[in-house]
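Peer 1: So here's structure_25.tsv, just TSV, C-alpha atoms:
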```tsv
chain	number	residue	atom	x	y	z
A	1	ASP	CA	57.72	-22.06	-33.33
A	2	GLY	CA	57.13	-19.20	-30.93
A	3	GLY	CA	53.88	-18.05	-32.49
A	4	ILE	CA	54.20	-19.68	-35.89
A	5	THR	CA	52.35	-22.91	-36.58
A	6	GLN	CA	53.09	-25.01	-39.62
A	7	SER	CA	50.96	-28.00	-40.49
A	8	PRO	CA	51.08	-30.77	-41.20
A	9	LYS	CA	54.50	-31.82	-39.93
A	10	TYR	CA	54.68	-34.59	-42.53
A	11	LEU	CA	52.91	-34.67	-45.88
A	12	PHE	CA	52.88	-37.21	-48.68
A	13	ARG	CA	51.98	-36.30	-52.23
A	14	LYS	CA	51.15	-38.54	-55.12
A	15	GLU	CA	52.35	-37.76	-58.60
A	16	GLY	CA	50.17	-35.10	-60.25
A	17	GLN	CA	48.53	-34.01	-57.03
A	18	ASN	CA	48.36	-30.51	-55.57
A	19	VAL	CA	48.94	-30.16	-51.84
A	20	THR	CA	48.69	-27.16	-49.53
A	21	LEU	CA	50.97	-26.41	-46.59
A	22	SER	CA	49.60	-24.26	-43.82
A	23	CYS	CA	51.41	-21.42	-42.02
A	24	GLU	CA	49.63	-19.46	-39.29
A	25	GLN	CA	51.14	-16.79	-37.03
A	26	ASN	CA	49.89	-14.83	-34.02
A	27	LEU	CA	52.91	-12.53	-33.76
A	28	ASN	CA	51.19	-9.69	-35.62
A	29	HIS	CA	54.08	-9.66	-38.07
A	30	ASP	CA	53.53	-8.03	-41.43
A	31	ALA	CA	55.91	-10.04	-43.58
A	32	MET	CA	55.73	-13.78	-44.18
A	33	TYR	CA	58.02	-16.03	-46.18
A	34	TRP	CA	58.21	-19.54	-47.55
A	35	TYR	CA	61.56	-21.28	-47.89
A	36	ARG	CA	62.58	-24.64	-49.21
A	37	GLN	CA	65.45	-26.60	-47.64
A	38	ASP	CA	67.25	-29.42	-49.42
A	39	PRO	CA	70.19	-31.45	-48.09
A	40	GLY	CA	73.52	-29.71	-48.61
A	41	GLN	CA	71.92	-26.46	-49.76
A	42	GLY	CA	71.05	-23.22	-48.07
A	43	LEU	CA	67.43	-22.21	-47.66
A	44	ARG	CA	65.92	-20.89	-50.87
A	45	LEU	CA	63.11	-18.35	-51.03
A	46	ILE	CA	59.91	-19.49	-52.75
A	47	TYR	CA	57.45	-16.66	-52.12
A	48	TYR	CA	57.09	-13.78	-49.71
A	49	SER	CA	54.37	-11.36	-48.68
A	50	GLN	CA	54.93	-8.04	-46.98
A	51	ILE	CA	51.28	-7.08	-46.68
A	52	VAL	CA	47.83	-8.64	-46.92
A	53	ASN	CA	46.62	-9.31	-50.46
A	54	ASP	CA	50.09	-8.86	-51.89
A	55	PHE	CA	52.91	-11.35	-52.48
A	56	GLN	CA	56.06	-11.61	-54.56
A	57	LYS	CA	57.94	-14.45	-56.20
A	58	GLY	CA	61.19	-15.52	-54.67
A	59	ASP	CA	64.09	-17.30	-56.33
A	60	ILE	CA	62.33	-20.64	-56.97
A	61	ALA	CA	58.61	-19.82	-57.36
A	62	GLU	CA	57.92	-22.11	-60.33
A	63	GLY	CA	55.46	-24.86	-59.44
A	64	TYR	CA	54.25	-23.10	-56.28
A	65	SER	CA	51.42	-20.71	-55.48
A	66	VAL	CA	50.45	-18.70	-52.39
A	67	SER	CA	47.71	-16.46	-51.07
A	68	ARG	CA	47.62	-13.83	-48.31
A	69	GLU	CA	43.97	-13.15	-47.55
A	70	LYS	CA	44.63	-12.62	-43.84
A	71	LYS	CA	47.57	-11.19	-41.97
A	72	GLU	CA	47.82	-14.35	-39.88
A	73	SER	CA	47.86	-16.87	-42.71
A	74	PHE	CA	50.14	-17.58	-45.68
A	75	PRO	CA	49.38	-21.00	-47.20
A	76	LEU	CA	51.67	-22.52	-49.82
A	77	THR	CA	50.33	-24.80	-52.54
A	78	VAL	CA	52.73	-27.19	-54.21
A	79	THR	CA	51.26	-27.85	-57.63
A	80	SER	CA	51.76	-30.75	-59.99
A	81	ALA	CA	53.99	-28.45	-62.04
A	82	GLN	CA	56.67	-28.72	-59.34
A	83	LYS	CA	58.64	-31.70	-60.60
A	84	ASN	CA	60.84	-32.24	-57.56
A	85	PRO	CA	58.77	-31.24	-54.53
A	86	THR	CA	60.34	-33.55	-51.95
A	87	ALA	CA	61.94	-31.18	-49.42
A	88	PHE	CA	61.62	-29.55	-46.03
A	89	TYR	CA	59.48	-26.39	-46.19
A	90	LEU	CA	59.88	-23.58	-43.70
A	91	CYS	CA	57.64	-20.60	-43.09
A	92	ALA	CA	59.06	-17.46	-41.50
A	93	THR	CA	57.75	-14.10	-40.36
A	94	THR	CA	59.26	-10.75	-39.48
A	95	LYS	CA	57.95	-7.40	-38.33
A	96	THR	CA	60.95	-5.53	-39.62
A	97	ASN	CA	63.91	-6.70	-41.65
A	98	TYR	CA	65.69	-7.67	-38.48
A	99	GLY	CA	64.28	-10.49	-36.40
A	100	TYR	CA	63.03	-13.47	-38.37
A	101	THR	CA	61.05	-16.23	-36.66
A	102	PHE	CA	60.76	-19.64	-38.29
A	103	GLY	CA	58.09	-22.28	-37.97
A	104	SER	CA	58.91	-25.90	-37.21
A	105	GLY	CA	58.63	-26.96	-40.85
A	106	THR	CA	56.71	-29.41	-43.03
A	107	ARG	CA	58.46	-32.35	-44.63
A	108	LEU	CA	56.89	-33.12	-47.99
A	109	THR	CA	57.56	-36.44	-49.70
A	110	VAL	CA	56.42	-37.62	-53.12
A	111	VAL	CA	55.21	-41.22	-53.11
B	1	LYS	CA	77.63	-12.86	-56.76
B	2	ASN	CA	76.25	-12.66	-53.23
B	3	GLN	CA	77.30	-15.81	-51.39
B	4	VAL	CA	77.70	-17.16	-47.88
B	5	GLU	CA	80.16	-19.99	-47.30
B	6	GLN	CA	80.52	-21.95	-44.10
B	7	SER	CA	83.23	-24.24	-42.83
B	8	PRO	CA	83.67	-26.90	-41.85
B	9	GLN	CA	80.78	-28.75	-43.43
B	10	SER	CA	80.61	-31.06	-40.42
B	11	LEU	CA	82.35	-31.29	-37.08
B	12	ILE	CA	82.53	-33.87	-34.31
B	13	ILE	CA	83.66	-32.91	-30.83
B	14	LEU	CA	83.56	-34.38	-27.35
B	15	GLU	CA	81.25	-33.02	-24.70
B	16	GLY	CA	82.83	-30.19	-22.74
B	17	LYS	CA	85.16	-29.09	-25.52
B	18	ASN	CA	85.06	-25.75	-27.30
B	19	CYS	CA	84.67	-25.28	-31.04
B	20	THR	CA	84.58	-22.51	-33.62
B	21	LEU	CA	82.53	-22.39	-36.79
B	22	GLN	CA	83.42	-20.10	-39.68
B	23	CYS	CA	81.39	-18.02	-42.09
B	24	ASN	CA	82.72	-16.02	-45.05
B	25	TYR	CA	80.47	-13.87	-47.17
B	26	THR	CA	80.63	-11.78	-50.32
B	27	VAL	CA	77.29	-10.00	-49.84
B	28	SER	CA	77.29	-6.32	-50.70
B	29	PRO	CA	75.93	-4.01	-49.47
B	30	PHE	CA	75.87	-5.61	-46.05
B	31	SER	CA	72.98	-5.16	-43.62
B	32	ASN	CA	73.41	-7.70	-40.84
B	33	LEU	CA	74.63	-11.20	-40.11
B	34	ARG	CA	72.77	-13.82	-38.14
B	35	TRP	CA	73.60	-17.21	-36.72
B	36	TYR	CA	70.85	-19.78	-36.37
B	37	LYS	CA	70.75	-23.19	-34.70
B	38	GLN	CA	68.63	-25.82	-36.42
B	39	ASP	CA	67.84	-29.11	-34.74
B	40	THR	CA	67.07	-32.01	-37.06
B	41	GLY	CA	63.53	-31.77	-38.42
B	42	ARG	CA	62.91	-28.38	-36.81
B	43	GLY	CA	62.97	-24.77	-37.89
B	44	PRO	CA	66.03	-22.55	-37.32
B	45	VAL	CA	66.23	-20.64	-34.05
B	46	SER	CA	68.08	-17.35	-33.83
B	47	LEU	CA	71.27	-17.25	-31.76
B	48	THR	CA	72.72	-13.83	-32.58
B	49	ILE	CA	72.23	-10.90	-34.93
B	50	MET	CA	75.04	-8.44	-35.65
B	51	THR	CA	75.05	-5.24	-37.64
B	52	PHE	CA	78.02	-3.61	-39.35
B	53	SER	CA	79.18	-1.80	-36.24
B	54	GLU	CA	79.12	-4.81	-33.91
B	55	ASN	CA	82.26	-6.92	-33.51
B	56	THR	CA	81.00	-9.48	-31.05
B	57	LYS	CA	77.78	-10.67	-29.51
B	58	SER	CA	77.13	-13.39	-26.97
B	59	ASN	CA	74.17	-15.57	-26.15
B	60	GLY	CA	75.05	-17.80	-23.23
B	61	ARG	CA	77.76	-20.22	-24.33
B	62	TYR	CA	77.54	-18.95	-27.90
B	63	THR	CA	79.74	-16.02	-28.97
B	64	ALA	CA	79.67	-14.63	-32.49
B	65	THR	CA	82.29	-12.33	-33.94
B	66	LEU	CA	82.15	-10.20	-37.05
B	67	ASP	CA	84.93	-8.64	-39.09
B	68	ALA	CA	83.16	-6.51	-41.67
B	69	ASP	CA	86.46	-5.56	-43.32
B	70	THR	CA	87.41	-9.13	-44.17
B	71	LYS	CA	83.75	-10.22	-44.41
B	72	GLN	CA	84.20	-13.03	-41.95
B	73	SER	CA	82.24	-14.21	-38.95
B	74	SER	CA	82.77	-16.97	-36.46
B	75	LEU	CA	80.58	-18.70	-33.92
B	76	HIS	CA	82.38	-19.98	-30.84
B	77	ILE	CA	80.72	-22.55	-28.63
B	78	THR	CA	82.13	-22.92	-25.15
B	79	ALA	CA	81.93	-26.06	-23.00
B	80	SER	CA	79.83	-27.95	-25.52
B	81	GLN	CA	76.84	-29.99	-24.44
B	82	LEU	CA	75.08	-32.91	-26.09
B	83	SER	CA	72.17	-30.58	-26.85
B	84	ASP	CA	74.47	-28.46	-29.02
B	85	SER	CA	74.31	-31.19	-31.65
B	86	ALA	CA	72.59	-29.44	-34.55
B	87	SER	CA	73.22	-27.57	-37.77
B	88	TYR	CA	74.44	-23.99	-37.44
B	89	ILE	CA	73.48	-21.68	-40.24
B	90	CYS	CA	75.06	-18.33	-41.07
B	91	VAL	CA	72.69	-15.89	-42.77
B	92	VAL	CA	73.61	-12.53	-44.25
B	93	SER	CA	71.07	-9.86	-45.03
B	94	GLY	CA	72.00	-7.48	-47.80
B	95	GLY	CA	72.49	-7.22	-51.53
B	96	ASP	CA	70.50	-5.01	-53.83
B	97	THR	CA	67.17	-6.30	-52.52
B	98	ASP	CA	68.28	-6.61	-48.86
B	99	LYS	CA	67.11	-10.19	-48.65
B	100	LEU	CA	68.45	-13.10	-46.59
B	101	ILE	CA	71.25	-15.17	-48.09
B	102	PHE	CA	71.77	-18.50	-46.35
B	103	GLY	CA	74.90	-20.54	-45.92
B	104	THR	CA	74.66	-24.31	-46.24
B	105	GLY	CA	75.37	-24.81	-42.55
B	106	THR	CA	77.82	-26.68	-40.36
B	107	ARG	CA	76.61	-29.94	-38.92
B	108	LEU	CA	77.92	-30.26	-35.34
B	109	GLN	CA	77.82	-33.50	-33.43
B	110	VAL	CA	78.73	-33.59	-29.75
B	111	PHE	CA	79.55	-36.99	-28.30
B	112	PRO	CA	79.83	-37.95	-24.62
```
For the structure just supplied, provide its representation as structure tokens.

Peer 2:
Amino acid sequence: DGGITQSPKYLFRKEGQNVTLSCEQNLNHDAMYWYRQDPGQGLRLIYYSQIVNDFQKGDIAEGYSVSREKKESFPLTVTSAQKNPTAFYLCATTKTNYGYTFGSGTRLTVV
Amino acid sequence: KNQVEQSPQSLIILEGKNCTLQCNYTVSPFSNLRWYKQDTGRGPVSLTIMTFSENTKSNGRYTATLDADTKQSSLHITASQLSDSASYICVVSGGDTDKLIFGTGTRLQVFP
């Protein structure tokens, strides 16, 4: 929270369906990140973007895609290629590599 | 391999008691260490951030310590409250790409 809005809070996906998670920030931060959180594991980096129109793969990018057309927005698409998408997804931003701010998360469930 | 390990995995204490959570890391080079509090179903919220030269940092009833020589950190919670029930995550920034490396967290439950 604190300037980062993730939506929706809960999302259900059918098999073979693509879904998009929204992350919007009004902190004027340059860098934005997407993490995945699973029970008993630390957060894992999916994608990150340090500047508009540029993004980099993280440690577990397969089955995900992102775009960064505006500084304020960094949507994450979970594609049908992601075989185990059920997880808690967190978006984060930072102006420098010091203070990270996290959103409130989106819980994605496959039905 | 750059890793962050936390202990205990879970902890139950009574309201008003103190507790200490541990974090050991093998991240090199080291940039900074952060402690976050994460309520269930919410995003992590920063408690403290410490760089190499800082040994201790406080945020209200939360006090973090850092021993960069032994690569250990602790988070001490004083006079616990029911609202302290949450997961506490230790995060180290560093490594060749200076990215965040997350511990798996300690789940704290405070009972009345």

Peer 1: Find the residues in chain B near chain A: any atom within 10 Å counts, using all atoms listed in the file. Write them as a PDB file with C-alpha atoms, in the coordinates of the input.

Peer 2:
```
ATOM      1  CA  VAL B   4      77.700 -17.160 -47.880  1.00  0.00           C
ATOM      2  CA  GLU B   5      80.160 -19.990 -47.300  1.00  0.00           C
ATOM      3  CA  GLN B   9      80.780 -28.750 -43.430  1.00  0.00           C
ATOM      4  CA  SER B  31      72.980  -5.160 -43.620  1.00  0.00           C
ATOM      5  CA  ASN B  32      73.410  -7.700 -40.840  1.00  0.00           C
ATOM      6  CA  LEU B  33      74.630 -11.200 -40.110  1.00  0.00           C
ATOM      7  CA  ARG B  34      72.770 -13.820 -38.140  1.00  0.00           C
ATOM      8  CA  GLN B  38      68.630 -25.820 -36.420  1.00  0.00           C
ATOM      9  CA  ASP B  39      67.840 -29.110 -34.740  1.00  0.00           C
ATOM     10  CA  GLY B  41      63.530 -31.770 -38.420  1.00  0.00           C
ATOM     11  CA  ARG B  42      62.910 -28.380 -36.810  1.00  0.00           C
ATOM     12  CA  GLY B  43      62.970 -24.770 -37.890  1.00  0.00           C
ATOM     13  CA  PRO B  44      66.030 -22.550 -37.320  1.00  0.00           C
ATOM     14  CA  VAL B  45      66.230 -20.640 -34.050  1.00  0.00           C
ATOM     15  CA  SER B  46      68.080 -17.350 -33.830  1.00  0.00           C
ATOM     16  CA  THR B  48      72.720 -13.830 -32.580  1.00  0.00           C
ATOM     17  CA  ILE B  49      72.230 -10.900 -34.930  1.00  0.00           C
ATOM     18  CA  MET B  50      75.040  -8.440 -35.650  1.00  0.00           C
ATOM     19  CA  THR B  51      75.050  -5.240 -37.640  1.00  0.00           C
ATOM     20  CA  ILE B  89      73.480 -21.680 -40.240  1.00  0.00           C
ATOM     21  CA  CYS B  90      75.060 -18.330 -41.070  1.00  0.00           C
ATOM     22  CA  VAL B  91      72.690 -15.890 -42.770  1.00  0.00           C
ATOM     23  CA  SER B  93      71.070  -9.860 -45.030  1.00  0.00           C
ATOM     24  CA  ASP B  98      68.280  -6.610 -48.860  1.00  0.00           C
ATOM     25  CA  LYS B  99      67.110 -10.190 -48.650  1.00  0.00           C
ATOM     26  CA  LEU B 100      68.450 -13.100 -46.590  1.00  0.00           C
ATOM     27  CA  ILE B 101      71.250 -15.170 -48.090  1.00  0.00           C
ATOM     28  CA  PHE B 102      71.770 -18.500 -46.350  1.00  0.00           C
ATOM     29  CA  GLY B 103      74.900 -20.540 -45.920  1.00  0.00           C
ATOM     30  CA  THR B 104      74.660 -24.310 -46.240  1.00  0.00           C
ATOM     31  CA  GLY B 105      75.370 -24.810 -42.550  1.00  0.00           C
ATOM     32  CA  THR B 106      77.820 -26.680 -40.360  1.00  0.00           C
TER      33      THR B 106
END
```

Peer 1: Report, in Å with one decimal, the straight-line distance from atom CA of Thr26 of chain B to atom CA of Ser73 of chain B.

Peer 2: 11.7 Å

Peer 1: For Glu15 of chain B, find every residue with an atom within 9 Å (counting only C-alpha atoms), except residues of its own chain fewer than 6 positions away, and show them as a list in words.

Peer 2: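 Selected residues are Ala79, Ser80, Gln81, Leu82, Val110, Phe111 and Pro112 of chain B.
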
Peer 1: Using all atoms listed in the file, find the one residue out of A:Arg36, A:Lys14, A:Lys70, A:Lys83 that sits nearest to Gln50 of chain A.

Peer 2: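 Between A:Arg36, A:Lys14, A:Lys70, A:Lys83, the residue approaching Gln50 of chain A most closely is A:Lys70.
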
Peer 1: So that I can check the surroundings of Ala68 of chain B, please list as a list in words every protein, DNA and RNA residue that reaches within 9 Å of it, counting only C-alpha atoms and ignoring chain neighbours fewer than 5 positions away.

Peer 2: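 Counting only C-alpha atoms, the residues come to Phe30, Phe52, Ser53, Glu54, Asn55 and Ser73 of chain B.
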
Peer 1: If you count all atoms listed in the file, which residues fall within 6 Å of Arg107 of chain B, apart from same-chain ones fewer than 6 positions away, as an NGL selection string?

Peer 2: :B and (10 or 86-87)

Peer 1: Kindly export the residues of the current selection with C-alpha atoms, as a PDB file, in the frame of the given file.

Peer 2:
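result-v4.pdb, freshly written:
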```pdb
ATOM      1  CA  SER B  10      80.610 -31.060 -40.420  1.00  0.00           C
ATOM      2  CA  ALA B  86      72.590 -29.440 -34.550  1.00  0.00           C
ATOM      3  CA  SER B  87      73.220 -27.570 -37.770  1.00  0.00           C
TER       4      SER B  87
END
```

Peer 1: In Å, with one decimal, what is the gap from atom CA of Arg13 of chain A to atom CA of Thr93 of chain A?

Peer 2: 25.8 Å

Peer 1: Please identify all polymer residues lying at most 6 Å from the point (80.2, -10.8, -32.1) (file coordinates), using only C-alpha atoms, and present the result as a list in words.

Peer 2: Asn55, Thr56, Lys57, Ala64, Thr65 and Leu66 of chain B

Peer 1: Using only C-alpha atoms, pick whichever of B:Leu108, B:Thr40, B:Asp69, B:Asp96 has the shortest atom-to-atom distance to Asn2 of chain B.

Peer 2: B:Asp96

Peer 1: What's the 12 Å shell around Asn18 of chain B, counting only C-alpha atoms, without same-chain residues fewer than 4 positions away, as a ChimeraX atom specification?

Peer 2: /B:11-14,61-63,75-81,84,108,110
